[in-house]
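Peer 1: Pasting a structure here, questions to come.
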Amino acid sequence: MKADVLLGLQWGDEGKGKIVDVLTPAYNVVARFQGGPNAGHSLAFNNIKHVLHSIPSGIFRENAINVIGNGVVIDPVIFSEEIQQIEKLVKHIKNNLLISKKAHLILPTHRMLDAAYEKFKGKAKIGSTLKGIGPTYTDKISRNGLRIGDILSGDFLEKYNSLKEKHNRILKSYNFSEDYSDYEKKWFEGIEQIKNFQLIDSEYVINDFLQKGKSVLAEGAQGTLLDIDFGSYPFVTSSNTVCAGACTGLGIAPSKIGEVYGIFKAYCTRVGSGPFPTELFDSAGELLQKNGHEFGATTGRPRRCGWLDLQALKYSVMINGVTRLIMTKADVLSGFEYIKIAHAYKKDGQVFEQFLYNIEGNIEPLYTELRGWNDDITNMRKFEDLPVALKNYIKFIEKEVNVPVWIVSVGPNRDQTIYNPNYTSKN
């Protein structure tokens, strides 16, 4: 058996949470492989919206095992708050959620360091969520981090205090001071909460699932264009958000990867700082933001909006080896007379048909214009009922990217999901 991978192809916020929730009935296991509480996966069903930060999006499906993999970083405070909210709806959570011993812990001082670093950068700040993600991955790479498995050792408190003191010295050098004693108290309470769950050697468990013929869906957090290596550096996250990250974040071999589902919005958005070639500053951008309710699920910050960037999409498909595309928020484009897609960039008088090393500065997107549609598609449930203009939009993307659009999402709820009958469904 091979593990299928689901990930975002843009700058995050593509709707991964909803799609994982929709696909989970076809899988025995859902496993998160990177990121932390900087993620905000929104799910909507039974007229209730749920936002997950650390816990896999299959948690609301009773028959699915959910795994937090070794590539994830965990804040016990946020984890504990999530558990309390989920337990109001899900009674099986302690049986269905497994946590890798190798996942790293976000300390209260990691959050302080995050804030200190952003403040020090001033106008050059990257737009961090201030959840302590970067400093935690920094400690991981420099071999100073604390892991979930450490909480079971007798010298855990000693290890914690040692790392805390190291962080305090750094904070002092930045002249950054903030009382985190209340958060620290909640943090240790969260540690006790984590102990109530099954702490596992996830690489063995995941591979055992596959060997026994269990179907596994690996869930990514942030989008491909935020990848630490392949994203718009330095305005990126601190982990590998691409398909290869599923191998290192779960401990599975590349040969064990099956389908790769790439999710993209029918347009583009970005939260925080960083280059965004197709960003709109006119009424069209305002309409996308308004109709798409484009505000961050984690931070609440307004998302910058723009037309679909085809070169960025092709790049992400190539990097990840995407086998099926999933388009979300197609309904947000309803009402536009014409829709634009950036098919190339113009920089310094030259035309480029690839995602550039540096997409900052004076880059002019070159657009293809397609006719839009006025139909309200939120109540449509069959692909053949979609407006001709939308189907032409999909065909144009498929031809350019050379990957089929398997699913079209026409709203945030589970049932607002349309499968393209031209391609075999997994469900």
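The way I read the labels, and the way they are meant: chains A, B, ... in the order of the structure tokens, residue 1 as the first residue of every chain, and ligand 1 as the first ligand shown, with later ones counted on from there.
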Residues within 12 Å of region 331-337 of chain A, please, as an mmCIF file with N, CA and C atoms, in the first residue's frame. Count only C-alpha atoms; anything in the same chain fewer than 4 positions from it doesn't count.

Peer 2:
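Dumped to part32.cif:
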data_model
loop_
_atom_site.group_PDB
_atom_site.id
_atom_site.type_symbol
_atom_site.label_atom_id
_atom_site.label_comp_id
_atom_site.auth_asym_id
_atom_site.auth_seq_id
_atom_site.Cartn_x
_atom_site.Cartn_y
_atom_site.Cartn_z
ATOM 1 N N LYS A 265 -6.495 27.564 -4.956
ATOM 2 C CA LYS A 265 -7.657 28.428 -5.101
ATOM 3 C C LYS A 265 -7.820 28.810 -6.565
ATOM 4 N N ALA A 266 -9.045 29.153 -6.947
ATOM 5 C CA ALA A 266 -9.318 29.589 -8.311
ATOM 6 C C ALA A 266 -8.680 30.947 -8.588
ATOM 7 N N TYR A 267 -8.146 31.565 -7.539
ATOM 8 C CA TYR A 267 -7.391 32.813 -7.629
ATOM 9 C C TYR A 267 -6.249 32.684 -6.634
ATOM 10 N N CYS A 268 -5.544 33.735 -6.319
ATOM 11 C CA CYS A 268 -4.424 33.653 -5.375
ATOM 12 C C CYS A 268 -4.643 34.561 -4.173
ATOM 13 N N SER A 283 -10.753 47.428 -7.387
ATOM 14 C CA SER A 283 -12.053 46.933 -6.949
ATOM 15 C C SER A 283 -12.169 45.416 -7.108
ATOM 16 N N ALA A 284 -11.469 44.860 -8.114
ATOM 17 C CA ALA A 284 -11.503 43.405 -8.302
ATOM 18 C C ALA A 284 -10.876 42.699 -7.102
ATOM 19 N N GLY A 285 -9.742 43.227 -6.618
ATOM 20 C CA GLY A 285 -9.100 42.649 -5.441
ATOM 21 C C GLY A 285 -9.971 42.766 -4.206
ATOM 22 N N GLU A 286 -10.642 43.904 -4.058
ATOM 23 C CA GLU A 286 -11.542 44.104 -2.917
ATOM 24 C C GLU A 286 -12.721 43.138 -2.969
ATOM 25 N N LEU A 287 -13.224 42.893 -4.193
ATOM 26 C CA LEU A 287 -14.353 41.981 -4.344
ATOM 27 C C LEU A 287 -13.950 40.541 -4.026
ATOM 28 N N LEU A 288 -12.750 40.130 -4.449
ATOM 29 C CA LEU A 288 -12.258 38.798 -4.109
ATOM 30 C C LEU A 288 -12.141 38.633 -2.599
ATOM 31 N N GLN A 289 -11.594 39.665 -1.942
ATOM 32 C CA GLN A 289 -11.429 39.600 -0.488
ATOM 33 C C GLN A 289 -12.772 39.534 0.224
ATOM 34 N N LYS A 290 -13.724 40.332 -0.248
ATOM 35 C CA LYS A 290 -15.041 40.366 0.384
ATOM 36 C C LYS A 290 -15.803 39.068 0.156
ATOM 37 N N ASN A 291 -15.911 38.656 -1.101
ATOM 38 C CA ASN A 291 -16.689 37.453 -1.422
ATOM 39 C C ASN A 291 -16.040 36.173 -0.901
ATOM 40 N N GLY A 292 -14.704 36.191 -0.826
ATOM 41 C CA GLY A 292 -13.989 35.016 -0.351
ATOM 42 C C GLY A 292 -13.781 34.976 1.143
ATOM 43 N N HIS A 293 -14.267 36.023 1.840
ATOM 44 C CA HIS A 293 -14.059 36.122 3.298
ATOM 45 C C HIS A 293 -12.590 35.865 3.632
ATOM 46 N N GLU A 294 -11.737 36.598 2.952
ATOM 47 C CA GLU A 294 -10.303 36.329 3.016
ATOM 48 C C GLU A 294 -9.629 36.985 4.224
ATOM 49 N N CYS A 305 -5.189 39.659 -2.159
ATOM 50 C CA CYS A 305 -5.839 38.866 -3.197
ATOM 51 C C CYS A 305 -5.351 39.251 -4.590
ATOM 52 N N GLY A 306 -5.347 38.271 -5.501
ATOM 53 C CA GLY A 306 -4.938 38.530 -6.867
ATOM 54 C C GLY A 306 -5.404 37.426 -7.797
ATOM 55 N N TRP A 307 -5.159 37.606 -9.086
ATOM 56 C CA TRP A 307 -5.536 36.605 -10.077
ATOM 57 C C TRP A 307 -4.646 35.365 -9.973
ATOM 58 N N LEU A 308 -5.096 34.280 -10.555
ATOM 59 C CA LEU A 308 -4.340 33.034 -10.546
ATOM 60 C C LEU A 308 -3.010 33.209 -11.279
ATOM 61 N N MET A 327 -9.520 22.275 -7.163
ATOM 62 C CA MET A 327 -9.751 23.718 -7.192
ATOM 63 C C MET A 327 -10.761 24.101 -6.113
ATOM 64 N N GLU A 369 -7.002 36.555 -20.737
ATOM 65 C CA GLU A 369 -8.315 36.938 -20.227
ATOM 66 C C GLU A 369 -9.379 35.972 -20.732
ATOM 67 N N LEU A 370 -10.155 35.445 -19.809
ATOM 68 C CA LEU A 370 -11.246 34.527 -20.145
ATOM 69 C C LEU A 370 -12.577 35.106 -19.681
ATOM 70 N N ARG A 371 -13.626 34.721 -20.352
ATOM 71 C CA ARG A 371 -14.955 35.213 -19.974
ATOM 72 C C ARG A 371 -15.376 34.593 -18.632
ATOM 73 N N GLY A 372 -16.017 35.427 -17.802
ATOM 74 C CA GLY A 372 -16.489 34.963 -16.505
ATOM 75 C C GLY A 372 -17.922 34.466 -16.548
ATOM 76 N N TRP A 373 -18.543 34.343 -15.381
ATOM 77 C CA TRP A 373 -19.927 33.856 -15.285
ATOM 78 C C TRP A 373 -20.621 34.559 -14.129
ATOM 79 N N ASN A 374 -21.934 34.626 -14.205
ATOM 80 C CA ASN A 374 -22.730 35.288 -13.168
ATOM 81 C C ASN A 374 -23.499 34.311 -12.290
ATOM 82 N N ASP A 375 -23.541 33.056 -12.668
ATOM 83 C CA ASP A 375 -24.350 32.072 -11.946
ATOM 84 C C ASP A 375 -23.871 31.889 -10.509
ATOM 85 N N ASP A 376 -24.826 31.715 -9.596
ATOM 86 C CA ASP A 376 -24.519 31.307 -8.230
ATOM 87 C C ASP A 376 -24.318 29.791 -8.260
ATOM 88 N N ILE A 377 -23.098 29.356 -8.045
ATOM 89 C CA ILE A 377 -22.799 27.923 -8.174
ATOM 90 C C ILE A 377 -22.757 27.198 -6.827
ATOM 91 N N THR A 378 -23.045 27.915 -5.742
ATOM 92 C CA THR A 378 -22.888 27.322 -4.406
ATOM 93 C C THR A 378 -23.853 26.167 -4.141
ATOM 94 N N ASN A 379 -24.962 26.122 -4.874
ATOM 95 C CA ASN A 379 -25.932 25.036 -4.676
ATOM 96 C C ASN A 379 -25.822 23.953 -5.742
ATOM 97 N N MET A 380 -24.876 24.097 -6.638
ATOM 98 C CA MET A 380 -24.687 23.076 -7.671
ATOM 99 C C MET A 380 -23.915 21.894 -7.094
ATOM 100 N N LEU A 386 -22.270 23.037 -13.918
ATOM 101 C CA LEU A 386 -21.441 24.232 -13.776
ATOM 102 C C LEU A 386 -21.508 25.079 -15.042
ATOM 103 N N PRO A 387 -21.367 26.396 -14.906
ATOM 104 C CA PRO A 387 -21.411 27.273 -16.073
ATOM 105 C C PRO A 387 -20.345 26.895 -17.103
ATOM 106 N N ALA A 389 -18.554 28.789 -18.847
ATOM 107 C CA ALA A 389 -17.362 29.629 -18.684
ATOM 108 C C ALA A 389 -16.426 29.064 -17.604
ATOM 109 N N LEU A 390 -16.989 28.524 -16.528
ATOM 110 C CA LEU A 390 -16.169 27.920 -15.480
ATOM 111 C C LEU A 390 -15.503 26.649 -15.990
ATOM 112 N N TYR A 393 -12.673 27.627 -18.021
ATOM 113 C CA TYR A 393 -11.590 28.074 -17.135
ATOM 114 C C TYR A 393 -10.794 26.859 -16.640
ATOM 115 N N VAL A 408 -13.852 20.167 -7.689
ATOM 116 C CA VAL A 408 -14.116 21.606 -7.654
ATOM 117 C C VAL A 408 -14.950 21.887 -6.405
ATOM 118 N N SER A 409 -14.452 22.764 -5.541
ATOM 119 C CA SER A 409 -15.181 23.152 -4.338
ATOM 120 C C SER A 409 -15.954 24.437 -4.621
ATOM 121 N N VAL A 410 -17.251 24.444 -4.279
ATOM 122 C CA VAL A 410 -18.095 25.608 -4.561
ATOM 123 C C VAL A 410 -18.638 26.238 -3.279
ATOM 124 N N GLY A 411 -17.964 25.984 -2.170
ATOM 125 C CA GLY A 411 -18.362 26.553 -0.882
ATOM 126 C C GLY A 411 -17.623 25.862 0.237
ATOM 127 N N PRO A 412 -17.726 26.368 1.471
ATOM 128 C CA PRO A 412 -16.937 25.838 2.584
ATOM 129 C C PRO A 412 -17.447 24.535 3.185
ATOM 130 N N GLN A 416 -20.558 20.894 -0.416
ATOM 131 C CA GLN A 416 -20.333 21.812 -1.539
ATOM 132 C C GLN A 416 -19.057 21.396 -2.283
ATOM 133 N N THR A 417 -19.047 20.143 -2.678
ATOM 134 C CA THR A 417 -17.875 19.537 -3.310
ATOM 135 C C THR A 417 -18.319 18.755 -4.536
ATOM 136 N N ILE A 418 -17.713 19.060 -5.681
ATOM 137 C CA ILE A 418 -18.116 18.442 -6.937
ATOM 138 C C ILE A 418 -16.947 17.651 -7.525
#

Peer 1: Residues within 8 Å of Leu226 (chain A), please, as number ranges by chain. Count only C-alpha atoms; anything in the same chain fewer than 2 positions from it doesn't count.

Peer 2: A: 10-12, 222-224, 228, 230-233, 235-237, 241

Peer 1: Export, as a PDB file, in the first residue's frame, the selected residues with C-alpha atoms.

Peer 2:
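In the end it all went to part_23.pdb:
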ATOM      1  CA  GLN A  10       0.059  28.404  -3.351  1.00  0.00           C
ATOM      2  CA  TRP A  11       0.861  30.578  -0.322  1.00  0.00           C
ATOM      3  CA  GLY A  12      -1.383  28.577   2.007  1.00  0.00           C
ATOM      4  CA  GLN A 222       1.248  25.599   4.708  1.00  0.00           C
ATOM      5  CA  GLY A 223       1.434  25.955   0.909  1.00  0.00           C
ATOM      6  CA  THR A 224       4.233  25.014  -1.491  1.00  0.00           C
ATOM      7  CA  ILE A 228      11.746  26.789   3.257  1.00  0.00           C
ATOM      8  CA  PHE A 230      11.357  26.268  -2.774  1.00  0.00           C
ATOM      9  CA  GLY A 231       9.157  29.120  -1.586  1.00  0.00           C
ATOM     10  CA  SER A 232       9.553  32.888  -2.012  1.00  0.00           C
ATOM     11  CA  TYR A 233      12.449  33.037   0.458  1.00  0.00           C
ATOM     12  CA  PHE A 235       9.103  35.169   3.237  1.00  0.00           C
ATOM     13  CA  VAL A 236       8.481  31.493   3.921  1.00  0.00           C
ATOM     14  CA  THR A 237       7.750  29.108   6.761  1.00  0.00           C
ATOM     15  CA  THR A 241       5.744  21.974   2.862  1.00  0.00           C
TER      16      THR A 241
END

Peer 1: Would you mind telling me which residue in A:Leu217, A:Val77, A:Val67, A:Cys243 lies nearest to Lys94 (chain A) when using only C-alpha atoms?

Peer 2: A:Val67

Peer 1: Just want the 9 Å neighbourhood of Ala312 (chain A), counted on only C-alpha atoms, with same-chain residues fewer than 5 positions away dropped. Output as a list in words.

Peer 2: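 Here the answer would be Leu9, Gln10, Leu225, Val317, Gln354, Phe355 and Leu356 of chain A.
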
Peer 1: Please produce an output containing C-alpha atoms for each residue in the selection, written as a compact mmCIF listing (two decimals), in the first residue's frame.

Peer 2:
# COMPACT_ATOMS: atom_id res chain seq x y z
CA LEU A 9 0.12 24.69 -4.15
CA GLN A 10 0.06 28.40 -3.35
CA LEU A 225 5.24 28.65 -2.11
CA VAL A 317 2.91 20.92 -9.70
CA GLN A 354 8.79 30.13 -15.30
CA PHE A 355 8.64 30.92 -11.60
CA LEU A 356 11.63 33.17 -10.99

Peer 1: For Asn28 (chain A), which residue out of A:Val5, A:Ile170, A:Leu210, A:Leu250 is the nearest one, using only C-alpha atoms?

Peer 2: A:Leu210

Peer 1: Per DSSP on the backbone, filter region 299-369 of chain A down to the residues in strand (DSSP E) and report them as a PDB file with C-alpha atoms, in the first residue's frame.

Peer 2:
ATOM      1  CA  ARG A 304      -4.002  39.962  -0.050  1.00  0.00           C
ATOM      2  CA  CYS A 305      -5.839  38.866  -3.197  1.00  0.00           C
ATOM      3  CA  GLY A 306      -4.938  38.530  -6.867  1.00  0.00           C
ATOM      4  CA  LEU A 308      -4.340  33.034 -10.546  1.00  0.00           C
ATOM      5  CA  ASP A 309      -0.594  32.812 -11.228  1.00  0.00           C
ATOM      6  CA  ARG A 324      -4.627  15.358  -9.380  1.00  0.00           C
ATOM      7  CA  LEU A 325      -5.659  18.980  -8.902  1.00  0.00           C
ATOM      8  CA  ILE A 326      -8.359  20.227  -6.550  1.00  0.00           C
ATOM      9  CA  MET A 327      -9.751  23.718  -7.192  1.00  0.00           C
ATOM     10  CA  THR A 328     -11.321  25.527  -4.246  1.00  0.00           C
ATOM     11  CA  TYR A 338     -13.807  38.617 -17.250  1.00  0.00           C
ATOM     12  CA  ILE A 339     -11.251  36.572 -15.329  1.00  0.00           C
ATOM     13  CA  LYS A 340      -7.514  36.888 -15.798  1.00  0.00           C
ATOM     14  CA  ILE A 341      -4.762  34.291 -15.492  1.00  0.00           C
ATOM     15  CA  ALA A 342      -1.088  35.285 -15.434  1.00  0.00           C
ATOM     16  CA  HIS A 343       0.651  33.115 -18.046  1.00  0.00           C
ATOM     17  CA  ALA A 344       4.102  34.786 -17.896  1.00  0.00           C
ATOM     18  CA  TYR A 345       6.143  37.549 -16.232  1.00  0.00           C
ATOM     19  CA  LYS A 346       7.829  40.562 -17.798  1.00  0.00           C
ATOM     20  CA  LYS A 347      10.905  41.851 -15.993  1.00  0.00           C
ATOM     21  CA  GLN A 350      12.344  40.229 -20.831  1.00  0.00           C
ATOM     22  CA  VAL A 351       9.478  37.737 -20.803  1.00  0.00           C
ATOM     23  CA  PHE A 352       9.813  34.753 -18.470  1.00  0.00           C
ATOM     24  CA  GLU A 364       4.666  42.737 -14.684  1.00  0.00           C
ATOM     25  CA  PRO A 365       2.337  39.740 -14.991  1.00  0.00           C
ATOM     26  CA  LEU A 366       1.206  39.016 -18.543  1.00  0.00           C
ATOM     27  CA  TYR A 367      -2.420  37.927 -18.539  1.00  0.00           C
ATOM     28  CA  THR A 368      -4.731  35.723 -20.554  1.00  0.00           C
ATOM     29  CA  GLU A 369      -8.315  36.938 -20.227  1.00  0.00           C
TER      30      GLU A 369
END

Peer 1: Per DSSP on the backbone, filter region 19-106 of chain A down to the residues in helix (DSSP H, G or I) and report them as a PyMOL selection string.

Peer 2: chain A and resi 19-26+76-86+93-96
